[in-house]
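**Q** Next comes my_file.txt, compact mmCIF, C-alpha atoms:
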```txt
# COMPACT_ATOMS: atom_id res chain seq x y z
CA MET D 1497 114.26 120.31 115.28
CA ASN D 1498 111.17 118.84 113.68
CA VAL D 1499 111.46 115.07 113.58
CA LEU D 1500 109.66 112.92 111.02
CA LEU D 1501 109.88 109.29 112.08
CA PHE D 1502 109.18 106.90 109.21
CA GLY D 1503 108.10 103.33 109.95
CA GLY D 1504 106.48 100.52 108.02
CA PHE D 1505 107.27 96.97 106.99
CA LEU D 1506 110.22 95.93 104.81
CA GLY D 1507 109.69 96.86 101.19
CA SER D 1508 106.74 99.16 101.83
CA GLY D 1509 108.51 102.03 100.08
CA LYS D 1510 109.86 104.12 102.93
CA THR D 1511 113.08 105.13 101.16
CA SER D 1512 111.29 106.11 97.94
CA ILE D 1513 108.89 108.25 99.94
CA ILE D 1514 111.65 109.82 102.03
CA LEU D 1515 113.42 110.81 98.81
CA GLN D 1516 110.31 112.67 97.70
CA VAL D 1517 109.70 114.26 101.11
CA ALA D 1518 113.36 115.33 101.30
CA ARG D 1519 113.17 116.94 97.85
CA TYR D 1520 109.99 118.74 98.92
CA LEU D 1521 111.58 120.05 102.13
CA VAL D 1522 114.81 121.13 100.40
CA LYS D 1523 112.79 123.08 97.81
CA GLY D 1524 111.37 125.14 100.67
CA PHE D 1525 114.77 126.10 102.05
CA SER D 1526 116.06 129.65 101.58
CA THR D 1527 119.29 130.33 99.66
CA GLN D 1528 120.94 131.07 102.99
CA GLN D 1529 119.89 127.69 104.34
CA LEU D 1530 121.09 125.91 101.20
CA GLU D 1531 124.47 127.65 101.22
CA SER D 1532 125.07 127.17 104.93
CA ASP D 1533 127.75 124.72 106.09
CA LYS D 1534 125.13 123.26 108.38
CA PRO D 1535 122.40 121.28 106.60
CA SER D 1536 118.79 122.09 107.36
CA LEU D 1537 117.81 118.47 106.82
CA VAL D 1538 119.57 115.44 108.25
CA ILE D 1539 118.42 111.87 107.68
CA ILE D 1540 119.14 109.07 110.14
CA GLU D 1541 119.09 105.75 108.34
CA ASN D 1542 118.69 102.53 110.31
CA GLU D 1543 119.20 99.17 108.62
CA VAL D 1544 119.43 95.67 110.07
CA GLY D 1545 121.96 94.43 107.53
CA GLU D 1546 125.68 94.99 107.93
CA THR D 1547 125.77 96.71 104.53
CA GLY D 1548 123.59 99.76 104.23
CA ILE D 1549 121.83 100.35 100.92
CA ASP D 1550 119.19 102.96 101.66
CA ASP D 1551 121.80 105.37 103.03
CA LYS D 1552 123.72 105.12 99.74
CA ILE D 1553 120.56 105.82 97.74
CA LEU D 1554 119.89 108.93 99.81
CA LYS D 1555 123.52 110.09 99.70
CA ALA D 1556 123.50 109.70 95.91
CA GLU D 1557 120.83 112.44 95.97
CA GLY D 1558 123.21 114.72 97.85
CA LEU D 1559 121.40 114.37 101.16
CA ASN D 1560 123.09 114.49 104.55
CA VAL D 1561 122.76 111.01 106.04
CA ARG D 1562 123.86 109.41 109.32
CA GLU D 1563 123.82 105.62 109.46
CA LEU D 1564 122.92 103.29 112.28
CA ILE D 1565 123.39 99.82 110.82
CA ALA D 1566 123.43 96.16 111.84
CA GLY D 1567 120.73 96.57 114.44
CA CYS D 1568 117.33 98.03 115.16
CA ILE D 1569 116.78 101.41 116.83
CA CYS D 1570 113.67 100.20 118.60
CA CYS D 1571 115.73 97.64 120.53
CA THR D 1572 119.44 96.91 120.04
CA LEU D 1573 120.42 100.39 118.85
CA ASN D 1574 118.00 102.32 121.04
CA ALA D 1575 120.73 104.16 122.97
CA GLU D 1576 122.74 104.83 119.81
CA LEU D 1577 119.74 106.60 118.29
CA THR D 1578 119.47 108.97 121.24
CA VAL D 1579 123.19 109.73 121.11
CA CYS D 1580 123.06 110.28 117.33
CA LEU D 1581 120.02 112.55 117.53
CA ASN D 1582 121.46 114.64 120.33
CA GLU D 1583 124.79 114.96 118.49
CA ILE D 1584 122.91 116.22 115.44
CA GLN D 1585 121.12 118.76 117.62
CA GLU D 1586 124.34 119.99 119.25
CA GLU D 1587 126.46 120.08 116.08
CA LEU D 1588 123.99 121.11 113.38
CA SER D 1589 120.63 121.96 114.93
CA PRO D 1590 118.83 121.38 111.59
CA LYS D 1591 115.24 122.41 111.00
CA TRP D 1592 114.31 118.87 109.97
CA VAL D 1593 115.43 115.39 110.92
CA ILE D 1594 114.00 112.40 109.10
CA ILE D 1595 114.49 109.00 110.70
CA GLU D 1596 114.00 105.86 108.61
CA THR D 1597 113.47 102.84 110.83
CA THR D 1598 114.04 99.24 109.85
CA GLY D 1599 111.01 97.47 108.45
CA MET D 1600 110.71 95.41 111.60
CA ALA D 1601 110.76 98.24 114.10
CA PHE D 1602 107.90 99.46 116.24
CA PRO D 1603 107.86 103.21 115.52
CA HIS D 1604 105.95 104.13 118.66
CA THR D 1605 108.69 102.58 120.83
CA ILE D 1606 111.22 104.80 119.08
CA ALA D 1607 108.94 107.83 119.39
CA GLU D 1608 108.70 107.26 123.13
CA THR D 1609 112.50 107.13 123.41
CA ILE D 1610 112.91 110.33 121.40
CA ALA D 1611 110.22 112.13 123.38
CA LYS D 1612 111.88 111.10 126.63
CA TYR D 1613 115.57 111.58 125.83
CA GLY D 1614 115.78 113.73 122.70
CA LYS D 1615 117.08 117.30 123.09
CA GLY D 1616 115.78 120.30 121.19
CA ILE D 1617 112.80 118.50 119.63
CA ASP D 1618 110.14 121.01 118.52
CA SER D 1619 107.83 118.43 116.99
CA LEU D 1620 107.81 114.68 116.49
CA LYS D 1621 105.45 112.87 114.15
CA THR D 1622 105.28 109.21 113.27
CA ILE D 1623 104.60 108.46 109.62
CA VAL D 1624 103.93 104.82 108.81
CA VAL D 1625 104.02 103.47 105.27
CA ALA D 1626 101.71 100.54 104.55
CA ASP D 1627 102.23 98.30 101.53
CA ALA D 1628 98.95 98.09 99.59
CA GLU D 1629 100.26 95.34 97.31
CA ARG D 1630 101.15 93.02 100.20
CA TRP D 1631 98.58 94.18 102.75
CA ASP D 1632 96.50 90.98 102.69
CA GLU D 1633 99.55 88.74 102.82
CA LEU D 1634 101.38 90.63 105.56
CA SER D 1635 98.36 91.27 107.73
CA THR D 1636 97.67 87.53 107.61
CA ILE D 1637 101.22 86.32 108.26
CA MET D 1638 102.34 89.02 110.69
CA PRO D 1639 99.21 90.72 112.02
CA GLY D 1640 100.79 91.72 115.33
CA LEU D 1641 103.70 93.61 113.82
CA ILE D 1642 101.69 95.25 111.07
CA GLU D 1643 98.96 96.40 113.44
CA GLU D 1644 101.33 97.68 116.06
CA GLN D 1645 103.34 99.63 113.49
CA ILE D 1646 100.14 101.37 112.41
CA VAL D 1647 98.12 101.72 115.59
CA LYS D 1648 99.86 104.81 117.00
CA ALA D 1649 100.91 106.49 113.75
CA ASN D 1650 100.10 110.18 113.30
CA ILE D 1651 100.12 109.85 109.52
CA ILE D 1652 99.55 106.72 107.43
CA LEU D 1653 100.68 106.54 103.81
CA LEU D 1654 99.14 103.62 101.95
CA ASN D 1655 101.72 103.12 99.21
CA LYS D 1656 101.70 101.15 95.93
CA ILE D 1657 98.02 101.72 95.24
CA ASP D 1658 98.89 101.45 91.54
CA CYS D 1659 99.16 97.67 92.15
CA LEU D 1660 95.50 97.37 93.20
CA GLU D 1661 92.06 98.08 91.76
CA PRO D 1662 90.27 101.09 93.32
CA GLU D 1663 87.82 98.87 95.20
CA GLN D 1664 90.70 96.87 96.63
CA VAL D 1665 92.32 100.11 97.82
CA CYS D 1666 89.06 100.99 99.60
CA GLY D 1667 89.10 97.60 101.30
CA VAL D 1668 92.66 98.06 102.55
CA LYS D 1669 91.85 101.59 103.70
CA GLU D 1670 88.90 100.29 105.75
CA SER D 1671 91.09 97.63 107.27
CA ILE D 1672 93.72 100.22 108.25
CA ARG D 1673 91.09 102.59 109.57
CA ARG D 1674 89.84 99.88 111.91
CA ILE D 1675 93.34 99.70 113.41
CA ASN D 1676 93.93 103.47 113.55
CA PRO D 1677 90.91 105.69 112.88
CA SER D 1678 92.52 108.96 113.97
CA ALA D 1679 95.66 109.25 111.84
CA LEU D 1680 95.85 111.41 108.75
CA PHE D 1681 95.53 108.99 105.84
CA TYR D 1682 96.79 109.30 102.26
CA ALA D 1683 96.74 106.68 99.52
CA ILE D 1684 99.70 107.19 97.20
CA SER D 1685 101.99 105.58 94.67
CA ALA D 1686 105.59 106.61 95.31
CA HIS D 1687 106.51 104.87 92.07
CA ASP D 1688 105.39 108.15 90.48
CA GLU D 1689 105.79 111.71 91.68
CA VAL D 1690 103.36 112.21 94.56
CA ASP D 1691 101.23 115.37 94.60
CA PRO D 1692 103.33 117.88 96.64
CA GLN D 1693 100.13 119.03 98.35
CA ILE D 1694 100.15 115.75 100.23
CA TRP D 1695 103.63 116.50 101.56
CA SER D 1696 102.53 120.06 102.27
CA LYS D 1697 99.63 118.84 104.38
CA ALA D 1698 101.73 116.26 106.17
CA VAL D 1699 104.54 118.73 106.84
CA THR D 1700 102.17 121.51 107.91
CA TYR D 1701 100.55 119.06 110.25
CA CYS D 1702 103.96 118.37 111.71
CA GLU D 1703 104.98 121.98 112.28
CA MET B 548 106.45 78.60 105.46
CA SER B 549 109.34 76.69 107.00
CA GLU B 550 109.69 76.88 110.74
CA GLN B 551 113.46 76.83 110.52
CA ARG B 552 114.95 79.78 112.38
CA ASP B 553 118.12 81.79 112.23
CA GLU B 554 120.56 80.89 115.00
CA HIS B 555 121.27 84.55 115.66
CA VAL B 556 119.53 85.62 118.83
CA HIS B 557 117.66 88.86 118.29
CA GLU B 558 115.72 90.66 120.95
CA HIS B 559 112.57 90.19 118.95
CA SER B 560 110.64 87.07 118.07
CA TYR B 561 107.25 86.75 116.43
CA GLN B 562 106.76 83.42 118.13
CA GLN B 563 106.64 85.26 121.43
CA TYR B 564 104.86 88.28 120.04
CA SER B 565 101.88 89.84 121.73
CA LEU B 566 100.57 93.39 121.97
CA GLU B 567 101.55 93.40 125.62
CA CYS B 568 105.16 92.80 124.68
CA SER B 569 106.06 95.52 122.25
CA THR B 570 109.77 94.75 122.05
CA LYS B 571 109.37 91.42 120.29
CA HIS B 572 109.73 91.00 116.59
CA SER B 573 110.86 88.44 114.07
CA ASN B 574 114.22 87.05 113.31
CA PRO B 575 114.64 86.80 109.53
CA ALA B 576 117.70 85.57 107.70
CA ILE B 577 119.79 88.47 106.43
CA PHE B 578 122.34 88.41 103.62
CA SER B 579 124.13 91.73 103.44
CA GLU B 580 127.39 92.20 101.57
CA THR B 581 129.44 94.80 99.75
CA LEU B 582 131.40 93.49 96.77
CA ARG B 583 134.03 95.36 94.85
CA LEU B 584 134.17 93.90 91.37
CA VAL B 585 136.94 94.35 88.86
CA PHE B 586 136.25 93.26 85.27
CA LEU B 587 138.85 92.36 82.66
CA GLU B 588 137.16 94.71 80.23
CA LYS B 589 134.67 97.49 80.61
CA VAL B 590 131.14 96.19 81.15
CA ASN B 591 128.26 98.31 79.96
CA SER B 592 125.40 99.24 82.24
CA GLU B 593 122.85 97.18 80.33
CA LYS B 594 124.83 94.00 80.87
CA LEU B 595 125.44 94.81 84.50
CA GLN B 596 121.78 95.56 85.09
CA LYS B 597 120.76 92.31 83.40
CA SER B 598 123.15 90.31 85.58
CA LEU B 599 121.98 91.90 88.80
CA THR B 600 118.33 91.58 87.85
CA GLN B 601 118.97 87.87 87.36
CA TRP B 602 120.47 87.69 90.88
CA VAL B 603 117.36 89.31 92.37
CA GLU B 604 115.13 86.96 90.35
CA GLU B 605 117.01 83.89 91.55
CA ILE B 606 116.73 84.89 95.23
CA ARG B 607 113.08 85.80 94.76
CA ASP B 608 112.24 82.55 92.97
CA TRP B 609 114.10 80.43 95.54
CA THR B 610 112.17 82.20 98.31
CA ASN B 611 108.83 81.69 96.60
CA ASP B 612 109.56 78.07 95.62
CA ASN B 613 110.24 77.26 99.27
CA ALA B 614 107.23 79.19 100.56
CA TYR B 615 109.44 81.58 102.53
CA LEU B 616 108.59 85.28 102.73
CA VAL B 617 110.62 88.06 101.16
CA GLY B 618 111.22 90.98 103.50
CA HIS B 619 113.04 92.76 100.75
CA ILE B 620 115.80 92.13 98.22
CA LYS B 621 117.87 95.17 97.28
CA VAL B 622 120.88 95.90 95.10
CA PHE B 623 122.72 99.20 94.80
CA VAL B 624 125.49 99.81 92.29
CA GLU B 625 127.77 102.62 93.34
CA GLY B 626 130.07 104.40 90.95
CA GLN B 627 130.03 107.45 88.74
CA GLU B 628 126.45 106.39 87.99
CA SER B 629 124.13 104.40 90.23
CA LEU B 630 121.54 101.65 89.90
CA TRP B 631 118.96 100.56 92.48
CA LEU B 632 117.03 97.29 92.20
CA SER B 633 114.43 96.18 94.72
CA SER B 634 111.83 93.48 95.10
CA THR B 635 109.39 92.28 97.71
CA GLY B 636 108.93 88.94 96.00
CA ARG B 637 106.85 90.02 93.03
CA SER B 638 108.01 92.47 90.39
CA ILE B 639 111.47 94.00 90.40
CA ASN B 640 111.69 97.78 90.62
CA ILE B 641 114.56 99.37 88.75
CA LYS B 642 115.74 102.95 89.27
CA HIS B 643 118.95 104.53 88.07
CA SER B 644 120.79 107.80 87.78
CA GLN B 645 120.38 109.93 84.68
CA GLY B 646 123.53 108.81 82.85
CA TRP B 647 123.26 105.13 83.74
CA ASN B 648 122.19 103.90 80.30
CA GLU B 649 125.31 105.31 78.63
CA TRP B 650 127.71 104.23 81.36
CA SER B 651 130.31 101.49 81.32
CA ALA B 652 133.00 100.59 83.85
CA ASN B 653 135.58 97.99 84.75
CA ARG B 654 135.19 98.55 88.51
CA VAL B 655 131.97 98.74 90.46
CA THR B 656 130.92 98.51 94.08
CA LEU B 657 127.82 96.43 94.71
CA SER B 658 125.77 96.46 97.88
CA LEU B 659 123.47 93.47 98.15
CA THR B 660 120.87 92.81 100.82
CA ALA B 661 118.27 90.06 101.06
CA ILE B 662 116.03 89.75 104.09
CA ILE B 663 114.05 86.51 104.04
CA PHE B 664 111.67 85.09 106.66
CA GLY B 665 111.46 81.34 107.19
CA THR B 666 114.98 80.22 106.31
CA SER B 667 118.37 80.25 108.01
CA LYS B 668 121.14 82.77 107.53
CA GLU B 669 123.45 79.99 106.31
CA ALA B 670 120.99 78.70 103.71
CA LEU B 671 120.33 82.20 102.39
CA ARG B 672 124.03 83.03 102.27
CA GLU B 673 124.80 79.88 100.31
CA VAL B 674 122.03 80.55 97.78
CA ALA B 675 122.93 84.23 97.43
CA GLN B 676 126.64 83.57 96.92
CA GLU B 677 126.14 80.68 94.52
CA SER B 678 123.67 82.77 92.55
CA ILE B 679 125.99 85.72 92.10
CA LYS B 680 128.88 83.47 91.09
CA ARG B 681 126.63 81.65 88.59
CA VAL B 682 125.19 84.85 87.17
CA TYR B 683 128.63 86.30 86.47
CA ARG B 684 130.13 83.05 85.29
CA GLU B 685 127.53 83.03 82.52
CA TYR B 686 128.75 86.37 81.29
CA GLY B 687 132.39 85.41 81.71
CA ASP B 688 133.59 88.89 82.55
CA LEU B 689 134.36 88.54 86.18
CA TRP B 690 137.62 87.52 87.75
CA SER B 691 137.89 89.06 91.20
CA LEU B 692 134.59 88.14 92.80
CA ARG B 693 135.81 85.08 94.67
CA ASN B 694 138.18 87.00 96.89
CA THR B 695 135.56 89.44 97.97
CA LEU B 696 133.00 86.74 98.71
CA ASP B 697 135.31 84.54 100.81
```
Could you render the structure as structure tokens?

**A**
Amino acid sequence: MNVLLFGGFLGSGKTSIILQVARYLVKGFSTQQLESDKPSLVIIENEVGETGIDDKILKAEGLNVRELIAGCICCTLNAELTVCLNEIQEELSPKWVIIETTGMAFPHTIAETIAKYGKGIDSLKTIVVADAERWDELSTIMPGLIEEQIVKANIILLNKIDCLEPEQVCGVKESIRRINPSALFYAISAHDEVDPQIWSKAVTYCE
Amino acid sequence: MSEQRDEHVHEHSYQQYSLECSTKHSNPAIFSETLRLVFLEKVNSEKLQKSLTQWVEEIRDWTNDNAYLVGHIKVFVEGQESLWLSSTGRSINIKHSQGWNEWSANRVTLSLTAIIFGTSKEALREVAQESIKRVYREYGDLWSLRNTLD
């Protein structure tokens, strides 16, 4: 299984991006994969609220979704994530698993758990979505969380760049680069259809 | 921002946060409910969307007026067609399924979530519930909301 672990603060656009990535991955599946009883892509959706919303949005697209709700997989639902992931491996063994964390989670903590306890993991990449529109506000109010979400990411997607002027986007990019200079970096607007080449590069990087 | 905190004890707290302690994060107030609404007559999607947009606006404006911070506010309408509203305290994003604009129904399932930093769970719940009652009272279509909220 190739695991794409999506992190990033609340409202940064993780679900919108996952929808696009999922569509991109499904397009690449063979007819045999699409007609199989076992899905080639499974999404694990973690939400802190007792009522899940993101899982319903993804299911409405016909995607195969497992929910872990009312807790956070980087702390309170840490063990449940491992159990869920290993069940998926044993029952379905899909090519891809996408995990959407809560907006308050530390993705690298989850990545460490998966690397340690996950079975049948061929690759694991952490993709963190940063909110361009709220970057200044969030990095002032919650610098610790925002920085730690980003610092160990393999791929950073700076989302909502349509809300800023180009020079402001450059400023945010520099700020992010100071926190994590080594990650692959893409500035996008998931409000519109993102260039599939970006997903291609990110996915290729993950394979 | 108010220093008032949710009573719920979470493993994470920003007040104790440091890079050395990576399992600490904040404790926002969370309102998260599923409501099954039954209307006396069919309600069209435009009216429903307007009502729910008003709910998001009221939560957003209350949050901003009190200098709290919106984590996110989300609404999902589940039925034959679907509607998804979301806000991080500024504009409200609206997405819907292809046939939404022509749809009408007398039963819908709503999922509502508001995650707000700086207030208490009780205060948020009161505002969120009062807002949805007020929004629907204005339109006068709703009769079964109270049972699902209590």

**Q** Would you give me, as an MDAnalysis selection string, the residues of chain D that come within 7 Å of chain B, using all atoms listed in the file?

**A** chainID D and resid 1506:1507 1545:1547 1549 1571 1600 1640

**Q** When you look at segment 1533-1535 of chain D with a cut-off of 10 Å (counting all atoms listed in the file), what residues show up, excluding the ones that are within fewer than 3 positions of it in the same chain? I need them as a list in words.

**A**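 Within the cut-off, the hits are Val1522, Gln1528, Gln1529, Leu1530, Val1538, Leu1559, Asn1560, Glu1587, Leu1588, Ser1589, Pro1590, Lys1591 and Trp1592 of chain D.
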
**Q** Using only C-alpha atoms, which residues sit within 12 Å of segment 1692-1695 of chain D once same-chain residues fewer than 3 positions away are excluded, as a ChimeraX atom specification?

**A** /D:1500,1513-1521,1523-1524,1623,1651-1653,1680-1686,1688-1689,1698-1702

**Q** What is the atom CA of Glu593 of chain B-atom CA of Ile679 of chain B distance in Å, reported with one decimal?

**A**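 Answer for the atom CA of Glu593 of chain B to atom CA of Ile679 of chain B separation: 16.7 Å.
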
**Q** Grab the atom CA of Ala1628 of chain D to atom CA of Leu1654 of chain D distance for me, in Å with one decimal place.

**A**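 Computing it gives 6.0 Å between the two atoms.
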
**Q** For each of B:Val590, B:Val655, B:Ser598, B:Ser638, take the minimum atom-to-atom distance to Arg1630 of chain D, counting only C-alpha atoms, then give the residue where this is smallest.

**A** B:Ser638

**Q** Taking all listed atoms of segment 659-671 of chain B, build the axis-aligned box, pad each of the six sides by 3 Å, then write its centre and edge lengths in Å to one decimal as lines of an AutoDock Vina configuration file.

**A**
```
center_x = 117.5
center_y = 86.1
center_z = 103.1
size_x = 18.0
size_y = 20.8
size_z = 15.9
```

**Q** Find, counting only C-alpha atoms, the residue in B:Arg583, B:Val674, B:Trp650, B:Ser667 that gets nearest to Trp609 of chain B.

**A**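 Looking only at the distances to Trp609 of chain B, the closest residue turns out to be B:Val674.
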
**Q** Find the spatial neighbours of Thr1578 of chain D, counting only C-alpha atoms, within a cut-off of 7 Å - ignore same-chain residues fewer than 5 positions away - and output them as a PyMOL selection string.

**A** chain D and resi 1610+1613-1614

**Q** So how many Å separate atom CA of Leu595 of chain B and atom CA of Phe664 of chain B, to one decimal?

**A** 27.8 Å

**Q** Nearest to Leu599 of chain B: which of B:Leu632, B:Leu587, B:Leu582, B:Ile663 is it, counting only C-alpha atoms?

**A**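 Between B:Leu632, B:Leu587, B:Leu582, B:Ile663, the residue approaching Leu599 of chain B most closely is B:Leu632.
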
**Q** Excluding Ser592 of chain B and residues on its chain fewer than 6 positions from it, collect all residues at most 9 Å away from it, counting only C-alpha atoms, and give them as a ChimeraX atom specification.

**A** /B:630,647-652

**Q** Please complete segment 615-630 of chain B with N, CA, C and O atoms and give it back as a PDB file, in the coordinates of the input.

**A**
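Listing of selection-v3.pdb after writing:
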```pdb
ATOM      1  N   TYR B 615     108.945  80.622 101.547  1.00  0.00           N
ATOM      2  CA  TYR B 615     109.440  81.580 102.530  1.00  0.00           C
ATOM      3  C   TYR B 615     108.802  82.934 102.210  1.00  0.00           C
ATOM      4  O   TYR B 615     108.031  83.050 101.251  1.00  0.00           O
ATOM      5  N   LEU B 616     109.144  83.944 102.980  1.00  0.00           N
ATOM      6  CA  LEU B 616     108.590  85.280 102.730  1.00  0.00           C
ATOM      7  C   LEU B 616     109.723  86.280 102.517  1.00  0.00           C
ATOM      8  O   LEU B 616     110.640  86.368 103.334  1.00  0.00           O
ATOM      9  N   VAL B 617     109.625  87.009 101.425  1.00  0.00           N
ATOM     10  CA  VAL B 617     110.620  88.060 101.160  1.00  0.00           C
ATOM     11  C   VAL B 617     110.317  89.267 102.045  1.00  0.00           C
ATOM     12  O   VAL B 617     109.193  89.775 102.044  1.00  0.00           O
ATOM     13  N   GLY B 618     111.303  89.679 102.834  1.00  0.00           N
ATOM     14  CA  GLY B 618     111.220  90.980 103.500  1.00  0.00           C
ATOM     15  C   GLY B 618     111.484  92.022 102.425  1.00  0.00           C
ATOM     16  O   GLY B 618     110.595  92.731 101.983  1.00  0.00           O
ATOM     17  N   HIS B 619     112.716  92.059 101.986  1.00  0.00           N
ATOM     18  CA  HIS B 619     113.040  92.760 100.750  1.00  0.00           C
ATOM     19  C   HIS B 619     114.358  92.240 100.187  1.00  0.00           C
ATOM     20  O   HIS B 619     115.155  91.638 100.908  1.00  0.00           O
ATOM     21  N   ILE B 620     114.532  92.430  98.902  1.00  0.00           N
ATOM     22  CA  ILE B 620     115.800  92.130  98.220  1.00  0.00           C
ATOM     23  C   ILE B 620     116.212  93.435  97.558  1.00  0.00           C
ATOM     24  O   ILE B 620     115.426  94.038  96.819  1.00  0.00           O
ATOM     25  N   LYS B 621     117.426  93.886  97.845  1.00  0.00           N
ATOM     26  CA  LYS B 621     117.870  95.170  97.280  1.00  0.00           C
ATOM     27  C   LYS B 621     119.293  95.076  96.747  1.00  0.00           C
ATOM     28  O   LYS B 621     120.129  94.382  97.324  1.00  0.00           O
ATOM     29  N   VAL B 622     119.538  95.790  95.688  1.00  0.00           N
ATOM     30  CA  VAL B 622     120.880  95.900  95.100  1.00  0.00           C
ATOM     31  C   VAL B 622     121.135  97.372  94.824  1.00  0.00           C
ATOM     32  O   VAL B 622     120.253  98.077  94.314  1.00  0.00           O
ATOM     33  N   PHE B 623     122.337  97.834  95.168  1.00  0.00           N
ATOM     34  CA  PHE B 623     122.720  99.200  94.800  1.00  0.00           C
ATOM     35  C   PHE B 623     124.101  99.162  94.171  1.00  0.00           C
ATOM     36  O   PHE B 623     125.036  98.588  94.728  1.00  0.00           O
ATOM     37  N   VAL B 624     124.214  99.708  92.992  1.00  0.00           N
ATOM     38  CA  VAL B 624     125.490  99.810  92.290  1.00  0.00           C
ATOM     39  C   VAL B 624     126.006 101.229  92.466  1.00  0.00           C
ATOM     40  O   VAL B 624     125.325 102.194  92.109  1.00  0.00           O
ATOM     41  N   GLU B 625     127.196 101.316  93.018  1.00  0.00           N
ATOM     42  CA  GLU B 625     127.770 102.620  93.340  1.00  0.00           C
ATOM     43  C   GLU B 625     128.948 102.892  92.418  1.00  0.00           C
ATOM     44  O   GLU B 625     129.836 102.056  92.289  1.00  0.00           O
ATOM     45  N   GLY B 626     128.956 104.013  91.803  1.00  0.00           N
ATOM     46  CA  GLY B 626     130.070 104.400  90.950  1.00  0.00           C
ATOM     47  C   GLY B 626     129.802 105.810  90.469  1.00  0.00           C
ATOM     48  O   GLY B 626     129.108 106.570  91.145  1.00  0.00           O
ATOM     49  N   GLN B 627     130.330 106.132  89.306  1.00  0.00           N
ATOM     50  CA  GLN B 627     130.030 107.450  88.740  1.00  0.00           C
ATOM     51  C   GLN B 627     128.528 107.573  88.509  1.00  0.00           C
ATOM     52  O   GLN B 627     127.939 108.632  88.665  1.00  0.00           O
ATOM     53  N   GLU B 628     127.915 106.459  88.106  1.00  0.00           N
ATOM     54  CA  GLU B 628     126.450 106.390  87.990  1.00  0.00           C
ATOM     55  C   GLU B 628     125.958 105.350  88.999  1.00  0.00           C
ATOM     56  O   GLU B 628     126.753 104.574  89.543  1.00  0.00           O
ATOM     57  N   SER B 629     124.650 105.346  89.241  1.00  0.00           N
ATOM     58  CA  SER B 629     124.130 104.400  90.230  1.00  0.00           C
ATOM     59  C   SER B 629     122.878 103.692  89.726  1.00  0.00           C
ATOM     60  O   SER B 629     122.138 104.213  88.888  1.00  0.00           O
ATOM     61  N   LEU B 630     122.696 102.482  90.244  1.00  0.00           N
ATOM     62  CA  LEU B 630     121.540 101.650  89.900  1.00  0.00           C
ATOM     63  C   LEU B 630     120.971 101.092  91.195  1.00  0.00           C
ATOM     64  O   LEU B 630     121.709 100.692  92.088  1.00  0.00           O
TER      65      LEU B 630
END
```
